[in-house]
Amino acid sequence: MSDKKFIVSHAPFFHDGGSIVTRSCHTILAALPAVIFGIIQYGMPAVGVVSLSVSCAMIFEYLLNRVTKRPISIGDGNAALIGLLFAMLLPATSPWWMVVIGIFVAILVGKQIYGGIGGNPFNPALVAIAICMLSWKDIFDFDEALRHYEFGFSAAYPLASLKHFGVSAVEGFSLGQLLLGRQTGAIGSTFGIGLIAGGIYLIVRGFIRWEISVSYLLGVFITALIFNLASPAKYGGAFFHLFTGYTLITAFFLATDDSSSPVNLIPMILYGLGAGVVTMLIRNIGSFVDGAVFAVLLFNIANPLLDRIRPKALGKVTEHA
Amino acid sequence: MMKRSFVGVVKPRLFYEAAAGIPDELKVISIPPQVTLFLKKPADPGLKKDTVPLAKGDGLKTGVKISLSRDSASCLVSPVTGKVSGVSRFEGDFGKEYVSIGVHTAKEEEFDEGFNTAAKTPSLKGAADYFSTLPGNPSFSVFQNPEKPVQTLCILGLDTDLLGSTNQFIIKTRENEIQKGISILKKITQIQHVILLIPENGISPNGDVGAELKKVKSEYPSALPALIMKNLLGRSIPVGKRPEDLGVTFFTAEAAASIGTAASGSGIPVNKTITVIGKDGRKQMVSARIGTPIQHIFSELGMVTGHMDRVIIGGPMTGSAVYSEEYPVQGDTGTIILQDRTDIVPVSDYPCINCGECVRICPARIPVNMLVRYLEAGRFEEAAELYDLHSCIECGLCSYVCVSRMPVFQYIRLGKFELNRRQGTEASHE
């Protein structure tokens, strides 16, 4: 007998080559245009926040893997992605301790206590940002946070101006300016064209589920339009809401988180529409300036229930109660 | 290897061989000095210890019927002449039990008369005795159940898995024998409705073979019986039922051709036609005696196996890997693939990340993302009750697209097997 041994495994023997690493890397790649734009706009403080967030995310992932005695999963890129998305939602002037605490919450409470990747019922970056927003409200006051910057365009945070001073205060923002990122906001959420390009890339490559992105944007658009038609002086226009605040980053990077969103067609559409509608309800009649974070978290909770709406499997006969 | 395309928003599509991909040549493999015959045992635990009444040194003639001592319905027809070199038991995948009979082949071939007698005056009984281990493994037991009469006989003119070209090659080269086989089948089974399933863009017969022709879509897994039932016959198989419960049964084109050859008196069909695919993807059609070790075929084709390569019996999506080149060709061995070690994508122990690729591609519309969570935890009953385990038609596409590279398909087969086994144990205790 020779020493030659064959690999014996089970079918199928082909694989399409997809992997979690590719998925994470390409999502990070798609987010880069918006991040780089944010760095150009906000300078070194933004570099600091992004670097700290990504590196801490990876370090916490590693440490928690060790503590929970699970395989080291830092290599799959998911922790880095969470770190990047978290940083993209922060103002460039966020203090270092909040970044560290926030990312610790994201990796521990958002992800690891549910057993790591695939088990999280909420988007980890959103859990962290929600906790930070509630704990240190002043840091997320973009007008206050960015007051030392000279931009060459209106430094007023559009959503806050709209909320506090009405539509007349934001008439200065043209849609083109908003899309080009000539507005203030979080590090990675202002460059509309970059986010849309990244989102389209992810959709074309099949790394996110387009139904969620499209229905979320539709939900925001329709609700904003209804409010705007009802009272044009009080509520901002539909396109204004699409291109300001966290709308675009939510549509393409946050609502589409794999494990906290549905996979069946009708649930995906309900999830997207629902989160879009709630985003607008919070913006227009709630007390927060931007509702995207809480809207998506709310629909993350609804996900398991929504995903029960599914097509009948092959060979299942209709059961009558 | 088929890779994910750059554009991932549309689901990946895999296609059956088109007419241009079917080789013209048939390479005949010589009779090897030693063959191994597998006689499949029924699942009945009462027959667990049963074996064949043969001992080392007994002579065998080509065409002689060998059956289990206590169950004459489990039988095979010897494809070779020679002397028995040993009888042992062999355990296959999922607890399948076989009696393994080693035979030293003789140079001079002698033929047993029993086969020819049965072949000259074909009857259902004779066919069940002598034809069921012919190349293509036609199963006649389905015609013997008076409670479930078979009304429709479907003949698969293409292989159900990817890359396999055996049945298309048979249609290309043995159309007359298929026609003869179909007429014999009609005669002995009294079934008038025979359908020949041919691939949309593949080989189709030139003349009338005595069967209605239906075209199967060229996209995998359209040729799986459950999807043919649904798409071409308009009758979805209810969960837990088989095509036979709806009066339909499936034969391969090769089985029909074997019956045609046997009945035309031109000898016993003992050579299996096989699609052999090498490491470079080159495809060859070979004809080998049933029982020939795979090694013998590889060496005659000049194919070299290496350490850590994978030898696959059956197609790339649903076949099974074997651990030894000694493994013999059987009546249902349609494809043999030699896969290089560098082409093997290992499975991982990562959990499901809920990306939804499997749900999108599943032809049975199963919520695979939920199903696999239950299966992974060993909760098979809930998997079957809540998440449609038994709707699975076993195409393997879920594992093919799995981003986490989980062995989804294996979990499904394991779940079905375990549930089946538990039911069997419960039934035997009652």
# chains A, B, ... in the order shown; residues from 1 in each chain; ligands from 1
>>> interface_residues(of="chain B", to="chain A", cutoff="7 Å", atoms="only C-alpha atoms", output="PyMOL selection string")
chain B and resi 1-4+6-9+236-239+306-310+316-323+345+351-356+364-366+388+391+396+399-401+403-404+410
>>> write_last_selection(atoms="N, CA and C atoms", output="short mmCIF file (atom, residue, chain, number, x, y, z; two decimals), in the first residue's frame")
data_model
loop_
_atom_site.label_atom_id
_atom_site.label_comp_id
_atom_site.auth_asym_id
_atom_site.auth_seq_id
_atom_site.Cartn_x
_atom_site.Cartn_y
_atom_site.Cartn_z
N MET B 1 -13.20 24.43 -12.31
CA MET B 1 -14.07 24.94 -11.23
C MET B 1 -14.87 26.14 -11.70
N MET B 2 -16.09 26.15 -11.31
CA MET B 2 -16.93 27.25 -11.71
C MET B 2 -16.94 28.29 -10.60
N LYS B 3 -16.55 29.49 -10.97
CA LYS B 3 -16.43 30.54 -9.96
C LYS B 3 -17.61 31.49 -10.02
N ARG B 4 -17.77 32.17 -8.93
CA ARG B 4 -18.77 33.23 -8.85
C ARG B 4 -18.42 34.30 -9.88
N PHE B 6 -18.42 38.09 -11.65
CA PHE B 6 -18.23 39.42 -11.08
C PHE B 6 -19.57 40.03 -10.68
N VAL B 7 -20.54 39.86 -11.54
CA VAL B 7 -21.86 40.39 -11.23
C VAL B 7 -22.59 39.39 -10.34
N GLY B 8 -22.73 39.74 -9.07
CA GLY B 8 -23.30 38.79 -8.13
C GLY B 8 -24.75 39.04 -7.81
N VAL B 9 -25.34 40.08 -8.40
CA VAL B 9 -26.72 40.39 -8.03
C VAL B 9 -27.68 39.37 -8.63
N SER B 236 -46.59 18.42 -8.75
CA SER B 236 -45.60 18.51 -7.68
C SER B 236 -45.73 17.30 -6.76
N ILE B 237 -44.59 16.79 -6.36
CA ILE B 237 -44.62 15.66 -5.44
C ILE B 237 -44.88 16.19 -4.04
N PRO B 238 -45.95 15.76 -3.37
CA PRO B 238 -46.17 16.23 -2.00
C PRO B 238 -45.02 15.77 -1.09
N VAL B 239 -44.78 16.54 -0.04
CA VAL B 239 -43.69 16.23 0.88
C VAL B 239 -43.84 14.80 1.42
N GLY B 306 -2.85 11.80 -7.34
CA GLY B 306 -1.82 12.22 -6.40
C GLY B 306 -2.35 12.26 -4.99
N HIS B 307 -1.43 12.41 -4.05
CA HIS B 307 -1.79 12.54 -2.65
C HIS B 307 -2.71 13.75 -2.46
N MET B 308 -3.78 13.60 -1.69
CA MET B 308 -4.72 14.67 -1.37
C MET B 308 -5.62 15.10 -2.53
N ASP B 309 -5.60 14.32 -3.61
CA ASP B 309 -6.57 14.59 -4.68
C ASP B 309 -7.93 14.05 -4.24
N ARG B 310 -8.92 14.29 -5.07
CA ARG B 310 -10.24 13.77 -4.71
C ARG B 310 -10.80 12.98 -5.89
N PRO B 316 -20.45 16.44 -9.77
CA PRO B 316 -19.82 17.36 -8.82
C PRO B 316 -20.78 17.92 -7.77
N MET B 317 -22.07 17.88 -8.00
CA MET B 317 -23.00 18.45 -7.04
C MET B 317 -23.56 17.41 -6.07
N THR B 318 -23.77 16.20 -6.56
CA THR B 318 -24.46 15.23 -5.71
C THR B 318 -23.71 13.91 -5.56
N GLY B 319 -22.54 13.81 -6.14
CA GLY B 319 -21.82 12.53 -6.10
C GLY B 319 -21.22 12.25 -4.74
N SER B 320 -20.34 11.24 -4.68
CA SER B 320 -19.67 10.99 -3.41
C SER B 320 -18.20 10.71 -3.67
N ALA B 321 -17.37 11.17 -2.73
CA ALA B 321 -15.93 10.97 -2.88
C ALA B 321 -15.58 9.61 -2.30
N VAL B 322 -14.64 8.92 -2.91
CA VAL B 322 -14.24 7.62 -2.38
C VAL B 322 -12.81 7.69 -1.88
N TYR B 323 -12.50 6.78 -0.96
CA TYR B 323 -11.18 6.86 -0.35
C TYR B 323 -10.17 5.93 -0.99
N VAL B 345 -12.11 23.17 -2.47
CA VAL B 345 -12.45 24.23 -1.53
C VAL B 345 -12.91 23.56 -0.23
N PRO B 351 -20.24 29.81 11.34
CA PRO B 351 -21.71 29.75 11.39
C PRO B 351 -22.32 30.45 10.18
N CYS B 352 -23.63 30.27 10.03
CA CYS B 352 -24.36 30.96 8.96
C CYS B 352 -24.37 32.45 9.26
N ILE B 353 -24.05 33.29 8.26
CA ILE B 353 -24.08 34.73 8.50
C ILE B 353 -25.38 35.35 7.97
N ASN B 354 -26.28 34.51 7.50
CA ASN B 354 -27.59 34.99 7.06
C ASN B 354 -27.51 35.88 5.81
N CYS B 355 -26.63 35.52 4.89
CA CYS B 355 -26.49 36.36 3.70
C CYS B 355 -27.62 36.14 2.71
N GLY B 356 -28.27 34.98 2.79
CA GLY B 356 -29.44 34.75 1.96
C GLY B 356 -29.18 34.18 0.58
N ALA B 364 -36.35 24.65 -4.31
CA ALA B 364 -37.52 24.16 -3.57
C ALA B 364 -38.06 25.23 -2.62
N ARG B 365 -37.52 26.42 -2.68
CA ARG B 365 -37.96 27.56 -1.85
C ARG B 365 -37.93 27.25 -0.36
N ILE B 366 -36.86 26.60 0.07
CA ILE B 366 -36.71 26.26 1.49
C ILE B 366 -35.99 27.43 2.19
N ASP B 388 -39.21 22.88 6.59
CA ASP B 388 -39.32 22.19 5.29
C ASP B 388 -38.14 21.29 4.91
N SER B 391 -38.80 18.99 2.02
CA SER B 391 -39.05 19.52 0.69
C SER B 391 -37.79 19.51 -0.17
N GLY B 396 -27.86 20.36 -3.99
CA GLY B 396 -26.54 20.78 -3.52
C GLY B 396 -26.20 22.24 -3.78
N SER B 399 -24.98 24.53 -0.70
CA SER B 399 -23.57 24.45 -0.31
C SER B 399 -22.68 25.13 -1.34
N TYR B 400 -23.08 25.02 -2.60
CA TYR B 400 -22.27 25.61 -3.67
C TYR B 400 -22.12 27.12 -3.50
N VAL B 401 -23.17 27.79 -3.04
CA VAL B 401 -23.10 29.24 -2.94
C VAL B 401 -22.78 29.73 -1.52
N VAL B 403 -21.53 31.33 1.55
CA VAL B 403 -20.43 32.25 1.80
C VAL B 403 -19.59 31.76 2.99
N SER B 404 -20.27 31.20 3.98
CA SER B 404 -19.56 30.67 5.14
C SER B 404 -18.92 29.32 4.85
N GLN B 410 -24.77 18.55 3.29
CA GLN B 410 -24.50 17.37 4.12
C GLN B 410 -25.37 17.39 5.38
#
>>> select_by_dssp(residues="range 168-342 of chain B", states="strand (DSSP E or B)", output="VMD selection string")
chain B and resid 193 to 199 212 to 216 219 248 to 252 271 to 277 283 to 289 293 310 to 313 320 to 322 328 335 to 339
>>> residues_around(residues="range 15-21 of chain B", least_positions_apart="4", cutoff="8 Å", atoms="only C-alpha atoms", output="VMD selection string")
chain B and resid 161 to 165 199 201 to 203 218 to 220
>>> atom_distance(atom1="CA of Ser30 in chain B", atom2="CA of Gly278 in chain B")
19.3 Å
>>> residues_around(residues="Ile139 in chain A", least_positions_apart="2", cutoff="12 Å", atoms="only C-alpha atoms", output="number ranges by chain")
A: 89-99, 129, 132-137, 141-147, 185-186
>>> select_by_dssp(residues="range 145-353 of chain B", states="alpha helix (DSSP H)", output="number ranges by chain")
B: 166-173, 175-189, 225-231, 253-263, 294-301
>>> write_last_selection(atoms="C-alpha atoms", output="tab-separated table (two decimals), in the first residue's frame")
chain	number	residue	atom	x	y	z
B	166	THR	CA	-23.42	9.39	-20.23
B	167	ASN	CA	-27.11	9.37	-21.13
B	168	GLN	CA	-26.73	11.93	-23.89
B	169	PHE	CA	-23.91	9.82	-25.31
B	170	ILE	CA	-26.15	6.75	-25.21
B	171	ILE	CA	-28.85	8.59	-27.15
B	172	LYS	CA	-26.25	9.70	-29.65
B	173	THR	CA	-24.81	6.25	-30.21
B	175	GLU	CA	-30.74	5.03	-30.43
B	176	ASN	CA	-31.90	1.70	-31.91
B	177	GLU	CA	-31.31	-0.11	-28.66
B	178	ILE	CA	-33.22	2.55	-26.73
B	179	GLN	CA	-36.12	2.15	-29.13
B	180	LYS	CA	-36.04	-1.62	-28.69
B	181	GLY	CA	-35.76	-1.25	-24.91
B	182	ILE	CA	-38.75	1.08	-24.79
B	183	SER	CA	-40.89	-1.35	-26.77
B	184	ILE	CA	-39.89	-4.23	-24.45
B	185	LEU	CA	-40.64	-2.08	-21.40
B	186	LYS	CA	-44.04	-1.16	-22.80
B	187	LYS	CA	-44.75	-4.83	-23.42
B	188	ILE	CA	-43.77	-6.22	-20.04
B	189	THR	CA	-45.08	-3.38	-17.88
B	225	PRO	CA	-37.00	14.05	-10.92
B	226	ALA	CA	-38.81	16.34	-8.46
B	227	LEU	CA	-38.44	19.31	-10.80
B	228	ILE	CA	-39.34	17.30	-13.91
B	229	MET	CA	-42.51	16.24	-12.11
B	230	LYS	CA	-43.34	19.82	-11.26
B	231	ASN	CA	-42.32	21.63	-14.43
B	253	ALA	CA	-31.60	6.14	-21.19
B	254	GLU	CA	-28.75	3.73	-20.52
B	255	ALA	CA	-31.08	1.38	-18.66
B	256	ALA	CA	-33.48	1.38	-21.59
B	257	ALA	CA	-30.61	0.72	-23.97
B	258	SER	CA	-29.35	-2.16	-21.80
B	259	ILE	CA	-32.76	-3.79	-21.87
B	260	GLY	CA	-32.89	-3.30	-25.61
B	261	THR	CA	-29.48	-4.95	-26.03
B	262	ALA	CA	-30.39	-7.85	-23.77
B	263	ALA	CA	-33.69	-8.52	-25.49
B	294	ILE	CA	-11.44	2.83	-10.91
B	295	GLN	CA	-7.65	2.50	-10.80
B	296	HIS	CA	-7.76	0.27	-13.86
B	297	ILE	CA	-9.68	2.89	-15.82
B	298	PHE	CA	-7.31	5.65	-14.71
B	299	SER	CA	-4.27	3.66	-15.72
B	300	GLU	CA	-5.67	2.80	-19.17
B	301	LEU	CA	-6.50	6.46	-19.72
>>> atom_distance(atom1="CA of Ser213 in chain A", atom2="CA of Ile131 in chain A")
24.2 Å
>>> residues_around(residues="range 221-236 of chain A", least_positions_apart="6", cutoff="12 Å", atoms="only C-alpha atoms", output="number ranges by chain")
A: 158-171, 173, 214-215, 242-244, 247-248, 251, 272-285
>>> atom_distance(atom1="CA of Phe191 in chain A", atom2="CA of Gln177 in chain A")
9.7 Å
>>> residues_around(residues="Ile187 in chain A", least_positions_apart="3", cutoff="9 Å", atoms="only C-alpha atoms", output="JSON, numbers by chain")
{"A": [34, 35, 36, 37, 38, 39, 41, 42, 46, 49, 50, 87, 88, 89, 90, 91, 92, 184, 190]}
